[in-house]
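Enquirer: Sharing model10.txt (compact mmCIF, C-alpha atoms) below.
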```txt
# COMPACT_ATOMS: atom_id res chain seq x y z
CA MET P 1 16.90 86.47 118.43
CA ASN P 2 15.06 88.04 115.49
CA LYS P 3 16.78 91.35 116.20
CA THR P 4 20.17 89.67 116.19
CA LEU P 5 19.47 87.94 112.86
CA GLY P 6 18.18 91.23 111.48
CA ASN P 7 21.45 92.91 112.39
CA ILE P 8 23.37 90.22 110.52
CA PHE P 9 21.16 89.75 107.44
CA LYS P 10 20.93 93.41 106.51
CA GLY P 11 20.21 94.64 103.04
CA ASP P 12 18.03 93.35 100.23
CA LYS P 13 16.47 89.99 101.13
CA VAL P 14 16.26 88.84 97.49
CA ILE P 15 20.03 89.27 97.07
CA TRP P 16 20.51 87.27 100.27
CA MET P 17 18.30 84.47 98.92
CA ILE P 18 20.19 84.37 95.60
CA PHE P 19 23.50 84.22 97.49
CA PHE P 20 22.19 81.45 99.75
CA PHE P 21 20.97 79.28 96.85
CA LEU P 22 24.23 79.73 94.92
CA CYS P 23 26.21 78.72 98.02
CA MET P 24 24.06 75.63 98.56
CA ILE P 25 24.48 74.60 94.93
CA SER P 26 28.21 75.24 95.26
CA ILE P 27 28.58 73.02 98.35
CA ILE P 28 26.64 70.15 96.76
CA GLU P 29 28.27 70.27 93.34
CA VAL P 30 31.83 70.97 94.51
CA TYR P 31 31.58 68.03 96.91
CA SER P 32 30.33 65.85 94.07
CA ALA P 33 32.92 67.10 91.56
CA SER P 34 35.88 66.80 93.95
CA SER P 35 35.98 63.02 93.94
CA SER P 36 39.37 63.02 92.20
CA LEU P 37 40.82 65.29 94.89
CA SER P 38 39.35 63.06 97.61
CA TYR P 39 40.84 59.96 95.98
CA LYS P 40 44.30 61.50 95.60
CA GLY P 41 44.36 62.96 99.10
CA GLY P 42 42.86 59.90 100.78
CA ASN P 43 40.49 62.14 102.76
CA TYR P 44 36.91 62.23 101.51
CA TRP P 45 35.92 65.25 103.60
CA SER P 46 38.97 67.45 103.11
CA PRO P 47 37.98 69.16 99.80
CA ILE P 48 34.47 70.09 100.92
CA LEU P 49 35.61 71.16 104.39
CA LYS P 50 38.17 73.45 102.79
CA HIS P 51 35.60 74.83 100.36
CA GLY P 52 33.05 75.29 103.15
CA GLY P 53 35.68 77.14 105.17
CA ILE P 54 36.40 79.48 102.27
CA LEU P 55 32.67 80.15 101.85
CA ALA P 56 32.43 80.87 105.59
CA VAL P 57 35.32 83.34 105.37
CA GLY P 58 33.71 84.92 102.31
CA THR P 59 30.35 85.20 104.08
CA PHE P 60 32.05 86.85 107.06
CA ALA P 61 33.80 89.30 104.72
CA MET P 62 30.46 89.98 103.02
CA VAL P 63 28.77 90.78 106.35
CA VAL P 64 31.62 93.14 107.23
CA VAL P 65 31.42 94.92 103.87
CA LEU P 66 27.63 95.31 103.90
CA ASN P 67 27.99 97.28 107.15
CA ILE P 68 30.34 99.78 105.49
CA LYS P 69 28.71 102.96 104.24
CA CYS P 70 28.93 103.57 100.53
CA LYS P 71 30.91 106.80 100.91
CA TYR P 72 33.87 104.84 102.27
CA PHE P 73 34.08 102.85 99.04
CA LYS P 74 35.05 106.09 97.33
CA LEU P 75 37.88 106.61 99.79
CA ALA P 76 39.16 103.10 99.16
CA THR P 77 39.32 103.55 95.37
CA PRO P 78 42.82 105.13 95.02
CA ILE P 79 44.26 102.70 97.59
CA LEU P 80 42.86 99.66 95.78
CA LEU P 81 43.97 100.98 92.39
CA GLY P 82 47.54 101.50 93.60
CA PHE P 83 47.63 98.11 95.31
CA SER P 84 46.20 96.39 92.22
CA PHE P 85 48.70 97.99 89.85
CA LEU P 86 51.70 97.11 92.03
CA THR P 87 50.60 93.50 92.57
CA LEU P 88 49.84 93.06 88.85
CA LEU P 89 53.40 94.15 88.08
CA TRP P 90 54.57 91.77 90.79
CA VAL P 91 52.77 88.93 89.02
CA LEU P 92 54.49 89.75 85.72
CA VAL P 93 57.92 89.81 87.35
CA ALA P 94 57.74 87.02 89.93
CA GLY P 95 54.29 85.46 89.76
CA GLN P 96 53.67 81.78 90.43
CA ALA P 97 52.74 79.93 87.25
CA THR P 98 49.70 77.69 86.88
CA ASN P 99 48.95 75.96 83.55
CA GLY P 100 51.55 78.11 81.81
CA ALA P 101 50.27 81.45 83.14
CA SER P 102 51.65 83.51 86.02
CA ARG P 103 48.56 84.64 87.91
CA TRP P 104 49.36 84.09 91.59
CA VAL P 105 51.48 85.85 94.21
CA SER P 106 52.15 84.96 97.84
CA PHE P 107 52.20 87.51 100.64
CA ILE P 108 52.86 86.52 104.28
CA GLY P 109 51.90 82.97 103.40
CA ILE P 110 48.63 83.92 101.66
CA GLN P 111 48.35 83.09 97.96
CA PHE P 112 45.98 85.22 95.91
CA GLN P 113 45.23 86.43 92.39
CA PRO P 114 45.76 90.21 92.06
CA SER P 115 43.45 90.27 89.03
CA GLU P 116 40.47 89.44 91.27
CA ILE P 117 41.10 92.53 93.39
CA ALA P 118 41.96 94.63 90.34
CA LYS P 119 38.55 93.91 88.77
CA GLY P 120 36.74 95.43 91.74
CA ALA P 121 39.15 98.37 91.93
CA LEU P 122 38.54 99.19 88.28
CA ILE P 123 34.75 99.00 88.70
CA LEU P 124 35.04 101.38 91.67
CA ALA P 125 37.12 103.83 89.64
CA VAL P 126 34.82 103.77 86.59
CA ALA P 127 31.74 104.23 88.78
CA GLN P 128 33.37 107.20 90.48
CA ILE P 129 34.39 108.82 87.18
CA LEU P 130 30.94 108.36 85.65
CA SER P 131 29.17 109.72 88.73
CA ALA P 132 31.48 112.71 89.14
CA MET P 133 31.15 113.78 85.48
CA GLN P 134 27.39 113.40 84.94
CA THR P 135 25.54 116.30 83.33
CA ASP P 136 21.94 116.83 82.25
CA LYS P 137 22.85 115.50 78.80
CA GLY P 138 24.84 112.52 80.02
CA ALA P 139 28.47 111.98 80.97
CA ASP P 140 30.99 114.67 80.09
CA ARG P 141 33.12 113.79 77.08
CA LYS P 142 36.25 113.94 79.25
CA ALA P 143 34.98 110.99 81.30
CA PHE P 144 35.74 108.70 78.37
CA LYS P 145 39.41 109.72 78.38
CA TYR P 146 39.78 109.27 82.13
CA ILE P 147 38.19 105.82 81.99
CA LEU P 148 40.59 104.70 79.25
CA ILE P 149 43.59 105.93 81.25
CA VAL P 150 42.55 103.98 84.34
CA CYS P 151 41.79 100.89 82.25
CA ALA P 152 45.24 101.02 80.65
CA PHE P 153 46.96 100.65 84.04
CA ILE P 154 44.78 97.69 85.04
CA VAL P 155 43.73 95.85 81.87
CA LEU P 156 47.08 95.77 80.05
CA PRO P 157 49.03 93.96 82.81
CA ILE P 158 46.16 91.46 83.21
CA MET P 159 45.94 90.87 79.45
CA LEU P 160 49.52 89.58 79.21
CA GLU P 161 48.78 86.67 81.54
CA ASN P 162 44.98 86.28 81.55
CA LEU P 163 43.40 87.36 78.28
CA SER P 164 39.91 86.08 79.14
CA THR P 165 39.79 88.09 82.39
CA ALA P 166 40.94 91.21 80.56
CA MET P 167 38.18 90.73 77.98
CA LEU P 168 35.55 90.32 80.70
CA ILE P 169 36.68 93.51 82.41
CA CYS P 170 36.58 95.42 79.11
CA ILE P 171 33.06 94.18 78.34
CA THR P 172 31.90 95.24 81.81
CA VAL P 173 33.46 98.70 81.46
CA VAL P 174 31.84 99.22 78.04
CA LEU P 175 28.43 98.24 79.45
CA MET P 176 28.97 100.63 82.36
CA MET P 177 29.74 103.43 79.88
CA PHE P 178 26.44 102.69 78.10
CA ILE P 179 24.60 102.87 81.42
CA GLY P 180 26.58 105.98 82.41
CA ARG P 181 25.44 107.74 79.21
CA VAL P 182 28.91 108.22 77.75
CA PRO P 183 28.50 109.74 74.25
CA ARG P 184 27.67 106.98 71.79
CA ASP P 185 30.09 108.24 69.15
CA GLN P 186 32.99 107.79 71.58
CA ILE P 187 31.89 104.26 72.45
CA GLY P 188 31.43 103.47 68.75
CA LYS P 189 34.95 104.64 67.91
CA LEU P 190 36.31 102.60 70.81
CA LEU P 191 34.56 99.44 69.63
CA GLY P 192 35.88 99.99 66.10
CA ILE P 193 39.45 100.39 67.33
CA VAL P 194 39.08 97.35 69.60
CA ALA P 195 37.86 95.32 66.61
CA LEU P 196 40.93 96.33 64.59
CA ILE P 197 43.25 95.54 67.50
CA GLY P 198 41.47 92.21 67.96
CA VAL P 199 42.03 91.27 64.31
CA PHE P 200 45.68 92.27 64.59
CA GLY P 201 46.10 90.38 67.88
CA ILE P 202 44.53 87.19 66.51
CA SER P 203 46.73 87.47 63.41
CA MET P 204 49.85 87.77 65.58
CA ILE P 205 48.74 84.83 67.73
CA LEU P 206 48.20 82.64 64.68
CA LEU P 207 51.55 83.80 63.27
CA VAL P 208 53.69 83.53 66.40
CA GLY P 209 52.00 80.61 68.14
CA ARG P 210 53.07 77.04 67.44
CA GLU P 211 50.41 74.44 66.82
CA ARG P 212 51.20 71.15 68.53
CA GLN P 213 49.20 68.27 67.19
CA GLU P 214 50.69 65.75 69.59
CA GLU P 215 52.56 65.56 72.85
CA PRO P 216 56.19 66.72 72.37
CA ASP P 217 58.93 64.16 72.77
CA LYS P 218 62.02 64.60 74.94
CA GLN P 219 64.03 66.14 72.12
CA THR P 220 61.30 68.72 71.42
CA LEU P 221 61.02 69.54 75.11
CA THR P 222 64.80 70.08 75.25
CA GLU P 223 64.65 72.42 72.24
CA ILE P 224 61.77 74.39 73.79
CA ALA P 225 63.66 74.71 77.08
CA ALA P 226 66.76 75.95 75.22
CA GLU P 227 64.66 78.57 73.43
CA GLN P 228 63.14 79.77 76.69
CA LYS P 229 66.59 80.30 78.21
CA GLU P 230 67.48 82.75 75.48
CA ALA P 231 66.62 86.40 76.04
CA PRO P 232 63.12 86.82 74.63
CA GLY P 233 62.34 89.64 72.26
CA LEU P 234 59.47 92.09 72.47
CA ILE P 235 57.11 89.88 70.47
CA GLU P 236 57.98 86.80 72.53
CA LYS P 237 57.36 88.69 75.77
CA THR P 238 54.02 89.99 74.59
CA PHE P 239 52.80 86.74 73.02
CA HIS P 240 54.47 84.22 75.33
CA ARG P 241 51.10 82.42 75.72
CA ALA P 242 50.44 82.45 71.98
CA ASP P 243 50.72 78.66 71.76
CA THR P 244 47.84 78.21 74.23
CA TRP P 245 45.71 80.93 72.63
CA LYS P 246 46.32 79.60 69.11
CA GLY P 247 45.35 76.09 70.13
CA ARG P 248 42.09 77.31 71.69
CA ILE P 249 41.19 79.46 68.66
CA LEU P 250 41.85 76.71 66.12
CA LYS P 251 40.06 74.12 68.22
CA PHE P 252 36.97 76.31 68.62
CA PHE P 253 36.67 77.18 64.91
CA ASN P 254 37.41 73.66 63.69
CA ASN P 255 34.05 72.47 62.35
CA GLU P 256 35.34 69.17 61.00
CA GLU P 257 33.20 66.27 62.13
CA ILE P 258 35.30 63.56 63.77
CA PRO P 259 33.91 60.02 64.10
CA PRO P 260 33.63 58.85 67.71
CA GLU P 261 36.19 56.07 67.16
CA LYS P 262 38.80 58.62 65.95
CA TYR P 263 38.20 61.24 68.65
CA ASP P 264 41.30 61.79 70.80
CA LEU P 265 40.07 61.91 74.41
CA ASP P 266 43.60 62.53 75.69
CA LYS P 267 44.06 65.61 73.53
CA ASP P 268 40.62 67.22 73.99
CA ALA P 269 39.71 65.68 77.33
CA GLN P 270 37.99 68.69 78.93
CA VAL P 271 35.72 69.55 76.02
CA ALA P 272 35.00 65.91 75.23
CA HIS P 273 34.03 64.88 78.76
CA ALA P 274 32.01 68.07 79.24
CA ASN P 275 30.01 67.15 76.13
CA ILE P 276 29.58 63.60 77.40
CA ALA P 277 28.34 64.92 80.76
CA ILE P 278 25.74 67.08 79.04
CA ALA P 279 24.68 64.39 76.55
CA THR P 280 24.18 61.75 79.26
CA SER P 281 22.12 63.97 81.55
CA ASN P 282 18.92 62.74 79.86
CA ILE P 283 17.25 66.13 80.49
CA VAL P 284 16.24 65.27 84.09
CA GLY P 285 19.80 64.57 85.29
CA LYS P 286 21.36 61.70 87.18
CA GLY P 287 20.85 63.22 90.61
CA PRO P 288 23.30 64.98 92.96
CA GLY P 289 26.45 62.96 93.54
CA ASN P 290 25.87 60.58 90.62
CA SER P 291 28.11 62.19 88.01
CA ASN P 292 30.37 59.90 86.00
CA GLU P 293 32.39 62.51 84.11
CA ARG P 294 33.66 64.21 87.28
CA ASP P 295 36.34 61.51 87.41
CA PHE P 296 37.62 62.46 83.94
CA LEU P 297 37.26 66.26 83.90
CA SER P 298 40.44 67.80 85.31
CA GLN P 299 38.61 71.01 86.32
CA ALA P 300 35.22 69.50 87.11
CA PHE P 301 35.00 71.47 90.38
CA SER P 302 36.06 74.78 88.80
CA ASP P 303 36.02 75.74 85.12
CA PHE P 304 33.62 72.97 84.02
CA ILE P 305 31.40 72.71 87.07
CA TYR P 306 28.39 73.82 85.01
CA ALA P 307 28.74 70.65 82.92
CA ILE P 308 28.55 68.63 86.13
CA VAL P 309 25.49 70.66 87.18
CA ILE P 310 23.78 69.74 83.91
CA GLU P 311 24.77 66.07 84.25
CA GLU P 312 23.43 65.77 87.80
CA LEU P 313 20.54 68.27 87.89
CA GLY P 314 19.48 68.12 84.26
CA ILE P 315 18.31 70.92 82.00
CA PHE P 316 15.92 72.28 84.63
CA GLY P 317 18.65 72.48 87.27
CA ALA P 318 20.99 74.18 84.81
CA ALA P 319 18.25 76.66 83.89
CA ALA P 320 17.64 77.36 87.59
CA VAL P 321 21.32 78.21 88.10
CA ALA P 322 21.29 80.52 85.07
CA LEU P 323 18.09 82.20 86.32
CA LEU P 324 19.73 82.94 89.68
CA TYR P 325 22.32 85.10 87.91
CA ILE P 326 19.62 86.77 85.81
CA PHE P 327 17.63 87.52 88.98
CA LEU P 328 20.81 88.93 90.53
CA LEU P 329 21.23 91.33 87.62
CA PHE P 330 17.59 92.46 87.53
CA ARG P 331 17.36 92.83 91.31
CA THR P 332 20.55 94.90 91.33
CA GLY P 333 19.01 97.06 88.62
CA ILE P 334 16.01 97.70 90.90
CA ILE P 335 18.36 98.59 93.75
CA ALA P 336 20.37 100.93 91.50
CA ASN P 337 17.15 102.62 90.36
CA ARG P 338 16.35 103.45 93.99
CA CYS P 339 19.64 105.24 94.54
CA GLU P 340 19.45 109.00 94.69
CA ASN P 341 23.17 109.37 93.98
CA ALA P 342 24.84 108.15 90.81
CA PHE P 343 27.95 106.54 92.35
CA PRO P 344 26.24 103.71 94.27
CA ALA P 345 23.96 103.02 91.29
CA PHE P 346 26.88 102.71 88.85
CA LEU P 347 28.89 100.67 91.35
CA ALA P 348 26.09 98.18 91.99
CA MET P 349 25.40 97.70 88.28
CA GLY P 350 29.10 97.37 87.49
CA ILE P 351 29.57 94.59 90.04
CA ALA P 352 26.42 92.77 88.92
CA LEU P 353 27.46 93.00 85.27
CA LEU P 354 30.92 91.67 86.13
CA LEU P 355 29.52 88.64 87.97
CA VAL P 356 26.84 87.85 85.41
CA THR P 357 29.18 88.28 82.42
CA GLN P 358 31.71 85.91 83.98
CA ALA P 359 28.95 83.40 84.74
CA LEU P 360 27.73 83.63 81.14
CA PHE P 361 31.24 82.95 79.80
CA ASN P 362 31.64 79.94 82.07
CA MET P 363 28.32 78.48 80.94
CA LEU P 364 29.07 79.08 77.26
CA VAL P 365 32.41 77.32 77.61
CA ALA P 366 30.83 74.36 79.41
CA VAL P 367 28.28 73.81 76.63
CA GLY P 368 30.81 74.35 73.84
CA LEU P 369 29.60 77.74 72.58
CA ALA P 370 32.82 79.60 73.49
CA PRO P 371 36.53 78.75 73.55
CA VAL P 372 37.96 77.40 76.79
CA THR P 373 38.83 80.46 78.91
CA GLY P 374 39.51 79.15 82.41
CA GLN P 375 36.88 81.37 84.06
CA PRO P 376 35.21 79.88 87.18
CA LEU P 377 31.46 80.10 87.82
CA PRO P 378 31.07 82.91 90.41
CA LEU P 379 30.06 81.71 93.90
CA VAL P 380 29.64 78.13 92.62
CA SER P 381 33.06 76.93 91.47
CA LYS P 382 35.67 75.82 93.97
CA GLY P 383 38.13 78.62 94.59
CA GLY P 384 40.09 80.67 97.09
CA THR P 385 40.64 84.32 96.22
CA SER P 386 37.84 84.43 93.64
CA THR P 387 35.23 83.02 96.04
CA ILE P 388 36.07 85.45 98.85
CA ILE P 389 36.25 88.45 96.51
CA ASN P 390 32.91 87.51 94.90
CA CYS P 391 31.37 87.39 98.38
CA VAL P 392 32.77 90.87 98.98
CA TYR P 393 31.15 92.03 95.75
CA ILE P 394 27.78 90.76 96.98
CA GLY P 395 28.45 92.59 100.25
CA VAL P 396 28.92 95.83 98.33
CA ILE P 397 25.57 95.36 96.57
CA LEU P 398 23.90 94.65 99.93
CA SER P 399 25.50 97.76 101.43
CA ILE P 400 24.16 99.85 98.56
CA SER P 401 20.70 98.26 98.96
CA ARG P 402 20.63 99.39 102.59
CA SER P 403 21.50 102.98 101.68
CA ALA P 404 19.02 103.06 98.78
CA LYS P 405 16.18 101.75 100.95
CA ARG P 406 16.83 104.28 103.70
CA LYS P 407 16.92 107.20 101.24
CA THR P 408 13.62 106.11 99.67
CA GLN P 409 11.95 106.11 103.08
CA GLN P 410 13.35 109.53 103.91
CA THR P 411 12.08 110.95 100.63
CA ALA P 412 8.63 109.48 101.19
CA THR P 413 8.31 111.02 104.67
CA MET P 414 9.79 114.40 103.74
CA PRO P 415 6.46 116.27 103.21
CA GLU P 416 5.23 115.22 106.66
CA THR P 417 8.36 116.29 108.53
CA VAL P 418 8.84 119.68 106.93
CA PRO P 419 6.63 122.30 108.59
CA ALA P 420 4.37 124.38 106.40
CA THR P 421 5.41 127.97 105.79
CA ALA P 422 3.01 130.87 105.95
```
Take the structure in the file and give it back as structure tokens.
Expert:
Amino acid sequence: MNKTLGNIFKGDKVIWMIFFFLCMISIIEVYSASSSLSYKGGNYWSPILKHGGILAVGTFAMVVVLNIKCKYFKLATPILLGFSFLTLLWVLVAGQATNGASRWVSFIGIQFQPSEIAKGALILAVAQILSAMQTDKGADRKAFKYILIVCAFIVLPIMLENLSTAMLICITVVLMMFIGRVPRDQIGKLLGIVALIGVFGISMILLVGRERQEEPDKQTLTEIAAEQKEAPGLIEKTFHRADTWKGRILKFFNNEEIPPEKYDLDKDAQVAHANIAIATSNIVGKGPGNSNERDFLSQAFSDFIYAIVIEELGIFGAAAVALLYIFLLFRTGIIANRCENAFPAFLAMGIALLLVTQALFNMLVAVGLAPVTGQPLPLVSKGGTSTIINCVYIGVILSISRSAKRKTQQTATMPETVPATA
């Protein structure tokens, strides 16, 4: 029995424990936060059974991936890059829209987000470029150019429909370049150019986007529909989500204090009820399943699940969830330090940085320190494609931990196995 369990739970035990605790928190909090879905569907067990099934599929995929040797990840890189690029173009042309953004495609009855797969493909490619072009003085200067070329094919299509995801990927890639010892002057120039582009992009958003202070009436909706039927120009195609982005930017930087009696709960429902959930937690929390704001937050089980965690588990529970991601990053760093080869080390750190950065963004949004981005909390929020892909990411880290551990043991026993020469 122990041998059978050992064959299943391979890899670093600390990573397994972090994954287990995150899954347990996910099951409890998603079940609690899905009350609105249960009420609408008339089945109180359906949401959690579906979520548990997705976690089970993700765990199975993770076990499969952790048994794959790291060298095969290299072989999969060009295939995943090609698949990601084609599906991202598919999304732009015929993607299924959700909340005004086309992010989903359906293939043989399976609906998925290509951006979730593209993130992993890009991390694989960057890790391979950094490892292949390492020198004694750091990464070759040509590595920077190759990384930018690969990023252009992946990040630009994502940016048109999902700006927050594109930003997360870019942050992860920049951090990987720091770890991969890309020349600092190249990274500095890149950050300067990105800052200029960011200023220009925000200016265009504020210029092109329309600020809607109230719900549009029927006449306004008719006018908007008539405008959308016309052939859009280049600016309209590029900034077709400018209205949403402008609203989020203005809302985040609006420091005007509004009296409680004048606060519009219908207009700013998500942010308002997230703040109420946090404020009413009373530090120690209300206890699992006792949230009140879950019935008012439209994305309580996804984008704002961290607010529900704070409301039910209190500050200490919220800190425990945040520490799990910090432990994941530090433990992955230990695993990467064991690796004799550069590729698995860069790959493991890239995946960990991606997960932790996304988790950080989700938490900042939930507590009102960042604009609403629509990023779920990895391995905790209710999801389909994202949950399974995140489980696969953990499987990759576990696979690398197995290889790193075995190589350390071989190195330690090397002097005893090599016969002495006369």
Enquirer: Measuring atom to atom with only C-alpha atoms, identify which of P:Ile179, P:Leu369, P:Leu324, P:Val14 is nearest to P:Ala336.
Expert: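 Smallest separation from P:Ala336 among the options: P:Ile179.
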Enquirer: Between P:Lys137, P:Val30, P:Gly333, P:Ala56, which has the minimum distance to P:Pro288 (counting all atoms listed in the file)?
Expert: P:Val30
Enquirer: Taking (42.4, 83.1, 77.9) in the coordinates of the supplied file, I want to know which residues reach to within 8 Å of it, counting all atoms listed in the file; could you give the answer as a list of chain:residue names?
Expert: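 Returned residue set, sorted by chain then number, is P:Asn162, P:Leu163, P:Ser164, P:Thr165, P:Trp245, P:Val372, P:Thr373, P:Gly374.
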Enquirer: For a quick check of your reading of the model, name the residues lying within 12 Å of the coordinate (45.2, 99.5, 98.2), counting all atoms listed in the file, and write them as number ranges by chain.
Expert: P: 73, 75-87, 114, 117-118, 120-122
Enquirer: Just how far from atom CA of P:Ile154 is atom CA of P:Asp303, in Å to one decimal?
Expert: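 Going from atom CA of P:Asp303 over to atom CA of P:Ile154, I get 23.6 Å.
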Enquirer: Compare P:Ile28, P:Leu66, P:Ile123, P:Ile149 by their minimum atom-to-atom distance to P:Trp16, counting all atoms listed in the file, and give me the closest one.
Expert: P:Leu66
Enquirer: What does the distance between atom CA of P:Val63 and atom CA of P:Ile397 come to in Å, to one decimal place?
Expert: 11.3 Å
Enquirer: So what do you get for atom CA of P:Thr135 versus atom CA of P:Val396, distance-wise?
Expert: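 Separating atom CA of P:Thr135 from atom CA of P:Val396 is a distance of 25.6 Å.
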Enquirer: Could you pull the residues within 12 Å of P:Ala320, counting only C-alpha atoms, minus those fewer than 2 positions along the same chain, as a list of chain:residue names?
Expert: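 The residues satisfying every condition are P:Ile18, P:Phe21, P:Leu22, P:Ile25, P:Tyr306, P:Val309, P:Ile310, P:Leu313, P:Gly314, P:Ile315, P:Phe316, P:Gly317, P:Ala318, P:Ala322, P:Leu323, P:Leu324, P:Tyr325, P:Ile326, P:Phe327.
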Enquirer: Is it possible to get the axis-aligned box enclosing stretch 76-85 of chain P (all listed atoms, 6 Å extra per side) as AutoDock Vina command-line options, with centre and edge lengths in Å rounded to one decimal?
Expert:
```
--center_x 43.9 --center_y 100.8 --center_z 94.5 --size_x 21.5 --size_y 20.7 --size_z 21.3
```
Enquirer: Could you check which of P:Ser403, P:Ser386, P:Ser131, P:Ser203 is closest to P:Arg181, using all atoms listed in the file?
Expert: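 Looking only at the distances to P:Arg181, the closest residue turns out to be P:Ser131.
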Enquirer: When you look at P:Met176 with a cut-off of 10 Å (counting only C-alpha atoms), what residues show up, excluding the ones that are within fewer than 2 positions of it in the same chain? I need them as a list in words.
Expert: Ile123, Val126, Ala127, Leu130, Cys170, Ile171, Thr172, Val173, Val174, Phe178, Ile179, Gly180, Arg181, Val182, Phe346, Leu347, Met349, Gly350, Ile351, Leu353 and Leu354 of chain P
Enquirer: Would you write out those residues with C-alpha atoms, as a PDB file, in the coordinates of the input?
Expert:
```pdb
ATOM      1  CA  ILE P 123      34.750  99.000  88.700  1.00  0.00           C
ATOM      2  CA  VAL P 126      34.820 103.770  86.590  1.00  0.00           C
ATOM      3  CA  ALA P 127      31.740 104.230  88.780  1.00  0.00           C
ATOM      4  CA  LEU P 130      30.940 108.360  85.650  1.00  0.00           C
ATOM      5  CA  CYS P 170      36.580  95.420  79.110  1.00  0.00           C
ATOM      6  CA  ILE P 171      33.060  94.180  78.340  1.00  0.00           C
ATOM      7  CA  THR P 172      31.900  95.240  81.810  1.00  0.00           C
ATOM      8  CA  VAL P 173      33.460  98.700  81.460  1.00  0.00           C
ATOM      9  CA  VAL P 174      31.840  99.220  78.040  1.00  0.00           C
ATOM     10  CA  PHE P 178      26.440 102.690  78.100  1.00  0.00           C
ATOM     11  CA  ILE P 179      24.600 102.870  81.420  1.00  0.00           C
ATOM     12  CA  GLY P 180      26.580 105.980  82.410  1.00  0.00           C
ATOM     13  CA  ARG P 181      25.440 107.740  79.210  1.00  0.00           C
ATOM     14  CA  VAL P 182      28.910 108.220  77.750  1.00  0.00           C
ATOM     15  CA  PHE P 346      26.880 102.710  88.850  1.00  0.00           C
ATOM     16  CA  LEU P 347      28.890 100.670  91.350  1.00  0.00           C
ATOM     17  CA  MET P 349      25.400  97.700  88.280  1.00  0.00           C
ATOM     18  CA  GLY P 350      29.100  97.370  87.490  1.00  0.00           C
ATOM     19  CA  ILE P 351      29.570  94.590  90.040  1.00  0.00           C
ATOM     20  CA  LEU P 353      27.460  93.000  85.270  1.00  0.00           C
ATOM     21  CA  LEU P 354      30.920  91.670  86.130  1.00  0.00           C
TER      22      LEU P 354
END
```
Enquirer: Counting all atoms listed in the file, figure out which residue out of P:Gln113, P:Gln186, P:Thr357, P:Ser26 gets nearest to P:Asp140.
Expert: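 Counting all atoms listed in the file, the residue closest to P:Asp140 is P:Gln186.
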Enquirer: Extract, using all atoms listed in the file, all DNA, RNA and protein residues at most 7 Å from stretch 360-367 of chain P, discarding same-chain residues fewer than 4 positions from it, and format them as an NGL selection string.
Expert: :P and (274-275 or 303-304 or 306-307 or 356 or 371-372 or 375-377)
Enquirer: Applying 10 Å and only C-alpha atoms, which residues near P:Gln299 remain after dropping the ones on its own chain fewer than 3 positions away? List them as a ChimeraX atom specification.
Expert: /P:33-34,36,270,294-296,302-305,374,376,381-382
Enquirer: Taking into account all atoms listed in the file, which residue in the set P:Ala300, P:Val64, P:Ile389, P:Ala139 is nearest to P:Ala269?
Expert: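 Comparing P:Ala300, P:Val64, P:Ile389, P:Ala139 against P:Ala269, the winner is P:Ala300.
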